[in-house]
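Asker: Dropping in coords-v8.tsv, with TSV, C-alpha atoms.
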```tsv
chain	number	residue	atom	x	y	z
U	1460	MET	CA	-20.74	-8.11	18.40
U	1461	GLN	CA	-21.44	-7.64	14.73
U	1462	ILE	CA	-19.61	-5.73	12.01
U	1463	VAL	CA	-21.65	-4.50	9.07
U	1464	ARG	CA	-19.32	-3.58	6.25
U	1465	ALA	CA	-19.89	-0.53	4.11
U	1466	THR	CA	-20.11	-1.29	0.41
U	1467	PRO	CA	-16.56	-1.07	-0.95
U	1468	LYS	CA	-16.00	1.81	-3.33
U	1469	ARG	CA	-12.91	1.08	-5.33
U	1470	LEU	CA	-11.95	2.02	-8.87
U	1471	TYR	CA	-9.29	-0.06	-10.61
U	1472	VAL	CA	-7.10	1.46	-13.29
U	1473	THR	CA	-6.02	-1.73	-15.00
U	1474	ASP	CA	-4.61	-0.21	-18.19
U	1475	PRO	CA	-1.30	1.46	-17.33
U	1476	ARG	CA	-1.73	3.87	-20.22
U	1477	ALA	CA	-4.62	5.33	-18.23
U	1478	TRP	CA	-2.54	5.99	-15.11
U	1479	ALA	CA	-1.67	9.42	-16.44
U	1480	PHE	CA	-5.24	10.64	-16.85
U	1481	THR	CA	-7.50	8.51	-14.66
U	1482	ARG	CA	-7.92	8.76	-10.93
U	1483	GLY	CA	-8.47	5.48	-9.12
U	1484	THR	CA	-8.00	3.68	-5.85
U	1485	ASP	CA	-5.98	0.86	-7.43
U	1486	TYR	CA	-3.42	1.03	-10.22
U	1487	MET	CA	-2.35	-2.17	-11.96
U	1488	LEU	CA	0.60	-2.96	-14.20
U	1489	GLY	CA	-0.01	-6.54	-15.26
U	1490	MET	CA	2.96	-8.12	-16.96
U	1491	GLY	CA	0.96	-10.94	-18.42
U	1492	THR	CA	-1.20	-8.60	-20.42
U	1493	THR	CA	0.48	-5.26	-20.84
U	1494	THR	CA	4.12	-6.00	-21.47
U	1495	ALA	CA	3.82	-5.38	-25.19
U	1496	LEU	CA	3.00	-1.83	-24.21
U	1497	ILE	CA	6.31	-1.54	-22.42
U	1498	THR	CA	8.68	-3.32	-24.74
U	1499	SER	CA	7.26	-2.40	-28.11
U	1500	GLY	CA	3.99	-1.58	-29.77
U	1501	THR	CA	2.31	0.50	-32.37
U	1502	ALA	CA	1.87	4.24	-32.19
U	1503	GLY	CA	-0.71	5.22	-29.63
U	1504	GLN	CA	-0.23	2.02	-27.65
U	1505	VAL	CA	3.17	2.47	-26.05
U	1506	LEU	CA	3.47	3.53	-22.43
U	1507	SER	CA	6.07	6.17	-23.24
U	1508	GLU	CA	3.30	8.04	-25.06
U	1509	PHE	CA	1.30	8.17	-21.83
U	1510	GLY	CA	3.63	9.74	-19.32
U	1511	TRP	CA	5.84	6.72	-18.71
U	1512	THR	CA	9.58	6.48	-19.18
U	1513	THR	CA	10.76	3.11	-20.44
U	1514	THR	CA	13.98	1.86	-21.91
U	1515	SER	CA	14.16	-1.10	-24.26
U	1516	LEU	CA	13.30	-4.06	-22.07
U	1517	ALA	CA	13.09	-7.80	-22.69
U	1518	TYR	CA	9.92	-9.69	-21.81
U	1519	VAL	CA	9.78	-13.23	-20.42
U	1520	ALA	CA	6.50	-15.11	-20.55
U	1521	GLY	CA	5.32	-16.99	-17.50
U	1522	SER	CA	6.06	-20.71	-17.31
U	1523	GLY	CA	6.45	-23.76	-15.15
U	1524	ALA	CA	4.24	-22.96	-12.16
U	1525	ASP	CA	1.96	-25.33	-10.29
U	1526	PHE	CA	-1.74	-24.50	-10.14
U	1527	MET	CA	-2.32	-21.36	-8.07
U	1528	THR	CA	0.14	-22.07	-5.28
U	1529	SER	CA	3.14	-20.34	-3.79
U	1530	ALA	CA	4.80	-23.74	-3.36
U	1531	ASP	CA	5.94	-23.74	-6.99
U	1532	LYS	CA	5.72	-20.26	-8.45
U	1533	GLY	CA	7.47	-21.20	-11.67
U	1534	ILE	CA	8.57	-18.17	-13.64
U	1535	PRO	CA	5.99	-15.36	-13.41
U	1536	PRO	CA	5.62	-13.21	-16.50
U	1537	HIS	CA	8.05	-10.34	-16.18
U	1538	ILE	CA	10.30	-7.81	-17.80
U	1539	ILE	CA	14.04	-7.94	-17.34
U	1540	LEU	CA	15.93	-4.96	-15.99
U	1541	ALA	CA	19.49	-6.19	-16.35
U	1542	ASP	CA	21.42	-3.76	-18.47
U	1543	ALA	CA	22.89	-0.68	-16.84
U	1544	SER	CA	20.42	2.21	-16.88
U	1545	ASP	CA	17.40	0.06	-17.74
U	1546	GLN	CA	14.36	1.65	-16.19
U	1547	VAL	CA	10.59	1.93	-15.97
U	1548	LEU	CA	8.99	5.06	-14.53
U	1549	SER	CA	5.29	5.75	-14.20
U	1550	PRO	CA	3.67	9.18	-14.30
U	1551	ASN	CA	3.98	11.31	-11.12
U	1552	ILE	CA	0.55	10.77	-9.63
U	1553	PHE	CA	0.79	9.21	-6.18
U	1554	GLY	CA	0.51	10.45	-2.65
U	1555	ASP	CA	0.19	14.21	-2.77
U	1556	TRP	CA	-2.69	16.27	-1.44
U	1557	ALA	CA	-4.46	16.43	-4.80
U	1558	ALA	CA	-4.29	12.65	-5.20
U	1559	MET	CA	-5.59	12.17	-1.67
U	1560	LYS	CA	-8.59	14.41	-2.35
U	1561	ALA	CA	-9.30	12.75	-5.70
U	1562	VAL	CA	-9.16	9.27	-4.23
U	1563	GLY	CA	-11.21	10.48	-1.28
U	1564	ARG	CA	-14.02	11.38	-3.64
U	1565	ILE	CA	-14.08	7.75	-4.80
U	1566	LEU	CA	-13.65	6.08	-1.41
U	1567	GLY	CA	-15.97	8.46	0.40
U	1568	TYR	CA	-13.19	9.38	2.83
U	1569	ASP	CA	-9.63	10.61	2.50
U	1570	PRO	CA	-7.18	7.71	2.32
U	1571	THR	CA	-4.46	7.45	4.96
U	1572	ALA	CA	-2.15	4.86	3.41
U	1573	LEU	CA	-0.51	4.28	0.04
U	1574	ASN	CA	0.68	0.78	-0.80
U	1575	LEU	CA	2.95	-0.62	-3.48
U	1576	GLU	CA	3.04	-4.37	-4.07
U	1577	VAL	CA	5.40	-5.89	-6.59
U	1578	ILE	CA	6.09	-9.45	-7.69
U	1579	ALA	CA	9.78	-9.50	-8.45
U	1580	ALA	CA	13.09	-11.29	-8.10
U	1581	PHE	CA	16.58	-9.90	-7.85
U	1582	THR	CA	18.11	-12.45	-10.19
U	1583	THR	CA	21.51	-11.01	-9.30
U	1584	ALA	CA	21.66	-9.37	-5.88
U	1585	SER	CA	25.26	-9.77	-4.75
U	1586	ASN	CA	26.30	-6.17	-5.32
U	1587	ASN	CA	25.76	-3.13	-3.10
U	1588	GLU	CA	23.55	-1.08	-5.43
U	1589	PRO	CA	20.98	1.15	-3.71
U	1590	SER	CA	19.83	2.49	-7.06
U	1591	THR	CA	19.04	-0.90	-8.61
U	1592	GLY	CA	15.59	-2.03	-7.56
U	1593	PHE	CA	12.09	-0.59	-7.39
U	1594	GLY	CA	9.85	1.58	-5.28
U	1595	PHE	CA	8.40	5.07	-4.95
U	1596	VAL	CA	10.37	7.80	-6.70
U	1597	GLU	CA	10.40	11.52	-6.00
U	1598	ASP	CA	8.43	13.84	-8.25
U	1599	ASP	CA	10.07	13.91	-11.70
U	1600	ALA	CA	13.12	12.00	-10.45
U	1601	ALA	CA	14.49	8.58	-11.46
U	1602	PHE	CA	14.97	5.44	-9.39
U	1603	ILE	CA	18.39	4.80	-10.86
U	1604	THR	CA	19.99	8.09	-9.85
U	1605	ALA	CA	23.11	7.24	-7.88
U	1606	ALA	CA	22.99	6.77	-4.09
U	1607	SER	CA	19.19	6.55	-3.98
U	1608	ALA	CA	19.01	10.28	-4.59
U	1609	GLY	CA	15.74	10.03	-6.50
U	1610	GLN	CA	13.99	7.63	-4.17
U	1611	ILE	CA	11.37	8.16	-1.51
U	1612	ALA	CA	11.36	4.47	-0.64
U	1613	GLY	CA	13.28	1.99	-2.75
U	1614	ILE	CA	13.95	-1.71	-2.28
U	1615	SER	CA	17.43	-2.80	-3.31
U	1616	SER	CA	20.34	-4.98	-2.23
U	1617	ASN	CA	23.40	-3.93	-0.25
U	1618	GLY	CA	25.16	-7.10	-1.31
U	1619	THR	CA	24.24	-8.93	1.89
U	1620	ASN	CA	20.67	-7.93	2.75
U	1621	PHE	CA	17.71	-6.45	1.00
U	1622	VAL	CA	17.27	-2.83	2.01
U	1623	LEU	CA	14.56	-0.19	2.01
U	1624	SER	CA	16.18	3.20	1.62
U	1625	ASN	CA	16.31	6.67	0.19
U	1626	ASP	CA	19.17	9.13	0.19
U	1627	THR	CA	18.86	9.91	3.90
U	1628	VAL	CA	17.75	6.72	5.70
U	1629	SER	CA	18.05	2.98	5.25
U	1630	ASP	CA	16.61	-0.16	6.83
U	1631	ALA	CA	18.16	-3.58	6.25
U	1632	GLY	CA	15.85	-6.58	5.98
U	1633	ALA	CA	16.19	-10.23	5.07
U	1634	ALA	CA	19.31	-11.77	3.60
U	1635	ILE	CA	19.50	-11.53	-0.17
U	1636	ASP	CA	18.38	-14.33	-2.45
U	1637	THR	CA	17.35	-14.67	-6.07
U	1638	SER	CA	13.86	-16.06	-5.48
U	1639	TRP	CA	10.53	-14.58	-6.47
U	1640	HIS	CA	8.85	-12.65	-3.69
U	1641	VAL	CA	5.87	-10.43	-3.06
U	1642	TRP	CA	7.37	-7.11	-2.00
U	1643	ARG	CA	5.26	-4.42	-0.38
U	1644	ILE	CA	5.86	-0.84	0.69
U	1645	LYS	CA	3.22	0.85	2.85
U	1646	VAL	CA	3.40	4.61	3.32
U	1647	THR	CA	1.47	6.34	6.10
U	1648	SER	CA	1.93	9.66	7.83
U	1649	ALA	CA	3.78	7.81	10.59
U	1650	SER	CA	6.39	5.87	8.58
U	1651	ILE	CA	7.19	3.80	5.52
U	1652	GLU	CA	7.03	0.07	6.30
U	1653	TRP	CA	8.13	-2.70	3.98
U	1654	PHE	CA	7.30	-6.38	3.73
U	1655	ILE	CA	8.66	-9.44	1.97
U	1656	ASP	CA	6.05	-12.16	1.45
U	1657	GLY	CA	3.89	-10.57	4.13
U	1658	THR	CA	6.61	-10.34	6.78
U	1659	SER	CA	7.44	-6.85	7.99
U	1660	GLN	CA	11.11	-5.95	7.51
U	1661	GLY	CA	11.04	-2.63	9.36
U	1662	THR	CA	10.42	1.03	8.70
U	1663	ILE	CA	12.05	4.22	7.53
U	1664	ALA	CA	10.96	7.84	7.95
U	1665	LEU	CA	9.07	9.80	5.31
U	1666	LYS	CA	10.66	12.46	3.18
U	1667	ALA	CA	8.90	15.81	2.93
U	1668	ASP	CA	8.35	17.97	-0.14
U	1669	GLU	CA	8.82	15.12	-2.64
U	1670	TRP	CA	5.26	14.23	-3.60
U	1671	PRO	CA	3.53	13.33	-5.91
U	1672	ALA	CA	5.59	10.19	-6.34
U	1673	ARG	CA	5.92	7.81	-9.24
U	1674	PHE	CA	6.53	4.09	-9.40
U	1675	GLY	CA	10.01	3.34	-10.59
U	1676	ALA	CA	12.32	0.42	-11.21
U	1677	GLY	CA	15.67	0.09	-12.84
U	1678	VAL	CA	19.37	-0.64	-12.83
U	1679	VAL	CA	21.87	2.05	-11.88
U	1680	ALA	CA	24.50	3.13	-14.40
U	1681	ALA	CA	27.26	0.50	-14.48
U	1682	GLY	CA	25.07	-1.65	-12.23
U	1683	ALA	CA	25.58	-5.39	-12.00
U	1684	ASN	CA	22.50	-6.47	-10.06
U	1685	ASP	CA	19.60	-7.72	-12.15
U	1686	LEU	CA	15.89	-7.38	-11.56
U	1687	ALA	CA	12.98	-9.42	-12.92
U	1688	LEU	CA	9.87	-7.27	-12.53
U	1689	GLY	CA	6.46	-8.90	-12.48
U	1690	ASP	CA	3.03	-7.48	-11.71
U	1691	VAL	CA	2.73	-4.15	-9.94
U	1692	HIS	CA	-0.23	-3.00	-7.83
U	1693	ILE	CA	-0.47	0.39	-6.15
U	1694	TRP	CA	-3.45	1.19	-4.00
U	1695	TYR	CA	-4.84	3.60	-1.45
U	1696	GLU	CA	-6.64	2.68	1.73
B	158	MET	CA	-35.11	-0.76	23.52
B	159	SER	CA	-34.74	2.99	23.59
B	160	VAL	CA	-31.89	5.34	22.90
B	161	SER	CA	-30.18	6.36	26.11
B	162	ASN	CA	-27.23	8.42	25.03
B	163	PHE	CA	-24.97	9.48	22.21
B	164	GLU	CA	-21.35	10.52	21.83
B	165	THR	CA	-18.58	11.09	19.33
B	166	VAL	CA	-15.12	9.86	20.26
B	167	SER	CA	-11.87	10.73	18.51
B	168	VAL	CA	-9.66	7.74	17.70
B	169	THR	CA	-5.96	8.49	17.45
B	170	GLY	CA	-2.72	6.54	17.52
B	171	THR	CA	-3.23	5.88	21.23
B	172	ALA	CA	-5.75	3.14	22.00
B	173	GLY	CA	-8.83	4.09	23.95
B	174	GLY	CA	-12.35	3.02	24.75
B	175	LEU	CA	-15.81	4.45	25.07
B	176	THR	CA	-16.80	6.95	27.76
B	177	ALA	CA	-17.91	5.15	30.91
B	178	ALA	CA	-20.06	8.01	32.15
B	179	THR	CA	-21.85	8.12	28.81
B	180	TYR	CA	-22.54	4.42	28.33
B	181	ALA	CA	-23.52	3.74	31.94
B	182	GLY	CA	-26.57	1.49	31.94
B	183	ALA	CA	-26.50	0.87	28.20
B	184	VAL	CA	-26.91	-2.68	26.93
B	185	LYS	CA	-26.34	-2.04	23.23
B	186	ALA	CA	-24.23	0.33	21.16
B	187	THR	CA	-24.23	1.12	17.47
B	188	ILE	CA	-20.94	2.59	16.27
B	189	THR	CA	-20.14	4.14	12.91
B	190	VAL	CA	-16.66	5.06	11.73
B	191	GLU	CA	-15.74	8.34	10.05
B	192	ALA	CA	-12.66	9.91	8.45
B	193	CYS	CA	-10.16	7.05	8.37
B	194	ALA	CA	-9.57	3.40	9.15
B	195	ILE	CA	-9.25	2.16	12.72
B	196	ARG	CA	-8.72	-1.15	14.48
B	197	TYR	CA	-10.95	-2.62	17.17
B	198	ARG	CA	-10.61	-5.27	19.83
B	199	GLY	CA	-13.43	-6.52	21.98
B	200	ASP	CA	-11.52	-8.46	24.58
B	201	GLY	CA	-10.43	-5.46	26.64
B	202	THR	CA	-6.87	-5.55	25.27
B	203	ALA	CA	-5.69	-2.46	23.45
B	204	PRO	CA	-5.41	-2.97	19.70
B	205	THR	CA	-2.35	-1.75	17.85
B	206	ALA	CA	-1.93	-0.26	14.41
B	207	THR	CA	-1.37	-3.77	13.08
B	208	SER	CA	-3.52	-5.95	15.38
B	209	GLY	CA	-7.29	-5.88	15.68
B	210	HIS	CA	-10.35	-5.87	13.45
B	211	VAL	CA	-10.09	-3.24	10.71
B	212	LEU	CA	-13.04	-0.88	10.55
B	213	ASN	CA	-13.16	1.43	7.56
B	214	PRO	CA	-15.17	4.65	7.32
B	215	GLY	CA	-18.78	3.72	6.79
B	216	ASP	CA	-18.52	0.39	8.59
B	217	VAL	CA	-20.93	-0.22	11.46
B	218	LEU	CA	-19.97	-2.04	14.66
B	219	LYS	CA	-22.81	-3.32	16.82
B	220	LEU	CA	-22.13	-4.21	20.44
B	221	ASP	CA	-24.84	-6.28	22.06
B	222	THR	CA	-23.98	-6.49	25.75
B	223	PRO	CA	-22.75	-4.15	28.50
B	224	ASP	CA	-19.57	-6.21	28.68
B	225	GLU	CA	-18.87	-5.73	24.97
B	226	ILE	CA	-19.37	-1.98	25.42
B	227	ARG	CA	-17.03	-1.86	28.41
B	228	ARG	CA	-14.29	-3.91	26.74
B	229	ALA	CA	-14.28	-2.16	23.36
B	230	LYS	CA	-10.94	-0.56	22.46
B	231	PHE	CA	-10.02	1.38	19.33
B	232	ILE	CA	-6.91	2.80	17.69
B	233	SER	CA	-6.15	4.57	14.44
B	234	ARG	CA	-4.66	2.17	11.89
B	235	ASP	CA	-2.46	4.53	9.90
B	236	GLY	CA	-1.83	7.40	12.27
B	237	GLY	CA	-4.70	9.67	11.27
B	238	THR	CA	-7.48	10.84	13.55
B	239	ALA	CA	-10.81	9.09	13.05
B	240	SER	CA	-14.13	9.63	14.73
B	241	ILE	CA	-16.51	7.00	15.99
B	242	VAL	CA	-20.11	8.01	16.50
B	243	ILE	CA	-21.98	5.96	19.08
B	244	THR	CA	-25.63	5.59	19.92
B	245	TYR	CA	-26.35	3.73	23.17
B	246	GLU	CA	-29.54	1.88	23.96
B	247	VAL	CA	-31.05	0.59	27.19
```
Take the structure in the file and give it back as structure tokens.
Answerer:
Amino acid sequence: MQIVRATPKRLYVTDPRAWAFTRGTDYMLGMGTTTALITSGTAGQVLSEFGWTTTSLAYVAGSGADFMTSADKGIPPHIILADASDQVLSPNIFGDWAAMKAVGRILGYDPTALNLEVIAAFTTASNNEPSTGFGFVEDDAAFITAASAGQIAGISSNGTNFVLSNDTVSDAGAAIDTSWHVWRIKVTSASIEWFIDGTSQGTIALKADEWPARFGAGVVAAGANDLALGDVHIWYE
Amino acid sequence: MSVSNFETVSVTGTAGGLTAATYAGAVKATITVEACAIRYRGDGTAPTATSGHVLNPGDVLKLDTPDEIRRAKFISRDGGTASIVITYEV
């Protein structure tokens, strides 16, 4: 048996300002390099000028990690979403038919899965706040709308466990903690599955009529949970 | 070696194999994947959406023995319907 791999055809959109006007297979929001675009910046260089919604957010530089190991992650570079109504919202560009066809022209075939991977920590997670967290947000909606009303698939805390939910379904996963994790949401036509550090936590059903989606993160009004948001990667496969 | 037969098989969310009547007598098979990603197992056990070698559209799987052809099983990875196009040789 032998597998001969086709040459990968992927296009990385590494500047988040370009998310709004560039089609790609992979979209990157790198906190180590782009945070100035989120928190401040000169005219023409701020994400809010490129289809993003951002509130005033504090940036924390990375520190204290061991060399390229998960054994001691240190503090990854991140932005802090801690004040009530803090939020970051990308342009609405993911997962609809038009996006599928555009990405299909790059890949050479229509994609069948949309993934979101986030490095993040819930630095306070002890409160039941389904609208404090991150994930895929309905077209032109906000993550922080009460009771997950704007979410297609959002990761949050119910005060005891981490949860993947929207306003109609919910799936409880691992017990809450305040550690850094790699969080992943994978959307297919069959379901929305979520992972913490590579371990599947379960699935929820898709919502219809809500695409294209946007990436969103934030803290609900009067929220008390806190989120440290590191690098974000969204990709089709 | 000479080409003995050819077929196109749909790969869905239910695992399946190649067509016995079509590959009868073949000793080699060249398989290309179209439309969407699938998973493959060569030990006769059905793959699942999360277990098995991933084959993306454009990838080529070469099976070199009658036993490999008989044991090959495929399933769609993400729930779509893929096609595998197979040329058999004797």
Asker: Could you state the separation of atom CA of B:Val217 and atom CA of U:Met1460 in Å, given to one decimal place?
Answerer: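 That distance, rounded to one decimal, is 10.5 Å.
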Asker: Kindly list the centre and edge lengths in Å, rounded to one decimal, for the axis-aligned box that covers all listed atoms of stretch 214-223 of chain B plus 8 Å on each of its six sides, as lines of an AutoDock Vina configuration file.
Answerer:
```
center_x = -20.0
center_y = -0.9
center_z = 17.6
size_x = 25.7
size_y = 27.1
size_z = 37.7
```
Asker: Taking 5 positions as the minimum chain separation for residues in the same chain, which residues sit within 12 Å of U:Ala1667 when counting all atoms listed in the file? Answer as a list in words.
Answerer: Gly1554, Asp1555, Glu1597, Asp1598, Gln1610, Ile1611, Thr1627, Ser1648, Ser1650 and Ala1672 of chain U
Asker: Take the residues that were just selected and, keeping C-alpha atoms, output them as a PDB file, in the frame of the given file.
Answerer:
```
ATOM      1  CA  GLY U1554       0.510  10.450  -2.650  1.00  0.00           C
ATOM      2  CA  ASP U1555       0.190  14.210  -2.770  1.00  0.00           C
ATOM      3  CA  GLU U1597      10.400  11.520  -6.000  1.00  0.00           C
ATOM      4  CA  ASP U1598       8.430  13.840  -8.250  1.00  0.00           C
ATOM      5  CA  GLN U1610      13.990   7.630  -4.170  1.00  0.00           C
ATOM      6  CA  ILE U1611      11.370   8.160  -1.510  1.00  0.00           C
ATOM      7  CA  THR U1627      18.860   9.910   3.900  1.00  0.00           C
ATOM      8  CA  SER U1648       1.930   9.660   7.830  1.00  0.00           C
ATOM      9  CA  SER U1650       6.390   5.870   8.580  1.00  0.00           C
ATOM     10  CA  ALA U1672       5.590  10.190  -6.340  1.00  0.00           C
TER      11      ALA U1672
END
```
Asker: Do you know which residues lie at most 8 Å from (14.3, 7.4, -11.6), with coordinates as in the file and all atoms listed in the file counted, and could you write them as a VMD selection string?
Answerer: chain U and resid 1546 to 1548 1596 to 1597 1599 to 1604 1609 to 1610 1675 to 1677
Asker: How would the residues just chosen look if you wrote them out with C-alpha atoms as an mmCIF file, keeping the file's coordinate frame?
Answerer:
```cif
data_model
loop_
_atom_site.group_PDB
_atom_site.id
_atom_site.type_symbol
_atom_site.label_atom_id
_atom_site.label_comp_id
_atom_site.auth_asym_id
_atom_site.auth_seq_id
_atom_site.Cartn_x
_atom_site.Cartn_y
_atom_site.Cartn_z
ATOM 1 C CA GLN U 1546 14.360 1.650 -16.190
ATOM 2 C CA VAL U 1547 10.590 1.930 -15.970
ATOM 3 C CA LEU U 1548 8.990 5.060 -14.530
ATOM 4 C CA VAL U 1596 10.370 7.800 -6.700
ATOM 5 C CA GLU U 1597 10.400 11.520 -6.000
ATOM 6 C CA ASP U 1599 10.070 13.910 -11.700
ATOM 7 C CA ALA U 1600 13.120 12.000 -10.450
ATOM 8 C CA ALA U 1601 14.490 8.580 -11.460
ATOM 9 C CA PHE U 1602 14.970 5.440 -9.390
ATOM 10 C CA ILE U 1603 18.390 4.800 -10.860
ATOM 11 C CA THR U 1604 19.990 8.090 -9.850
ATOM 12 C CA GLY U 1609 15.740 10.030 -6.500
ATOM 13 C CA GLN U 1610 13.990 7.630 -4.170
ATOM 14 C CA GLY U 1675 10.010 3.340 -10.590
ATOM 15 C CA ALA U 1676 12.320 0.420 -11.210
ATOM 16 C CA GLY U 1677 15.670 0.090 -12.840
#
```
Asker: Pick from U:Val1463, U:Val1472, U:Val1505, U:Leu1516: nearest to chain B, with only C-alpha atoms counted?
Answerer: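 Closest candidate: U:Val1463.
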Asker: Using all atoms listed in the file, find each residue of chain U with at least one atom at most 6 Å away from an atom of chain B; report its shortest atom-to-atom pair and that distance in Å (one decimal), sort the rows by chain and rising residue number, and return the result as CSV.
Answerer:
```
residue,atom,partner,partner_atom,distance
U:Met1460,CA,B:Leu220,CA,4.6
U:Gln1461,CA,B:Lys219,CA,5.0
U:Ile1462,CA,B:Leu218,CA,4.6
U:Val1463,CA,B:Val217,CA,5.0
U:Arg1464,CA,B:Asp216,CA,4.7
U:Ala1465,CA,B:Asp216,CA,4.8
U:Tyr1568,CA,B:Ala192,CA,5.7
U:Thr1647,CA,B:Asp235,CA,5.8
U:Ala1649,CA,B:Gly236,CA,5.9
```
Asker: Please identify all polymer residues within 10 Å of U:Lys1468, counting only C-alpha atoms, omitting same-chain residues fewer than 3 positions from it, and present them as a list in words.
Answerer: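 Listed by chain and then number, they are Ala1465, Thr1484, Arg1564, Ile1565, Leu1566 and Gly1567 of chain U.
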Asker: So how many Å separate atom CA of U:Lys1532 and atom CA of U:Gly1613, to one decimal?
Answerer: 24.2 Å
Asker: To one decimal place, how far is atom CA of U:Gly1503 from atom CA of U:Asn1574 in Å?
Answerer: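 These two atoms are separated by 29.2 Å.
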Asker: Give me the residues near stretch 1618-1620 of chain U as a PyMOL selection string, where near means some atom within 12 Å (using all atoms listed in the file) and where sequence neighbours in that chain fewer than 2 positions away do not count.
Answerer: chain U and resi 1581+1583-1589+1591+1614-1616+1622-1623+1629-1637+1660+1683-1684
Asker: So, counting all atoms listed in the file, which residue among B:Val160, B:Ala172, B:Ala183, B:Ala178 is closest to B:Ser233?
Answerer: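 Using all atoms listed in the file, B:Ser233 sits closest to B:Ala172.
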Asker: Using all atoms listed in the file, which of B:Thr207, B:Ser161, B:Thr244, B:Thr202 sits nearest B:Ala181?
Answerer: B:Ser161
Asker: With all atoms listed in the file as the atoms that count, which of U:Gly1592, U:Gly1521, U:Pro1671, U:Pro1536 lies nearest to U:Leu1573?
Answerer: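 Among the listed residues, the smallest separation from U:Leu1573 belongs to U:Pro1671.
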Asker: Is there a way to get, as a list in words, all residues within 10 Å of the point (-0.2, -3.1, -0.4) in file coordinates, counting only C-alpha atoms?
Answerer: Asp1485, Ala1572, Leu1573, Asn1574, Leu1575, Glu1576, Val1577, Val1641, Trp1642, Arg1643, Ile1644, Lys1645, Val1646, Trp1653, Phe1654, Gly1657, His1692, Ile1693, Trp1694, Tyr1695 and Glu1696 of chain U
Asker: Ranking B:Ser240, B:Asp200, B:Ala177, B:Val184 by minimum distance to B:Ser159 and counting all atoms listed in the file, which one comes first?
Answerer: B:Val184
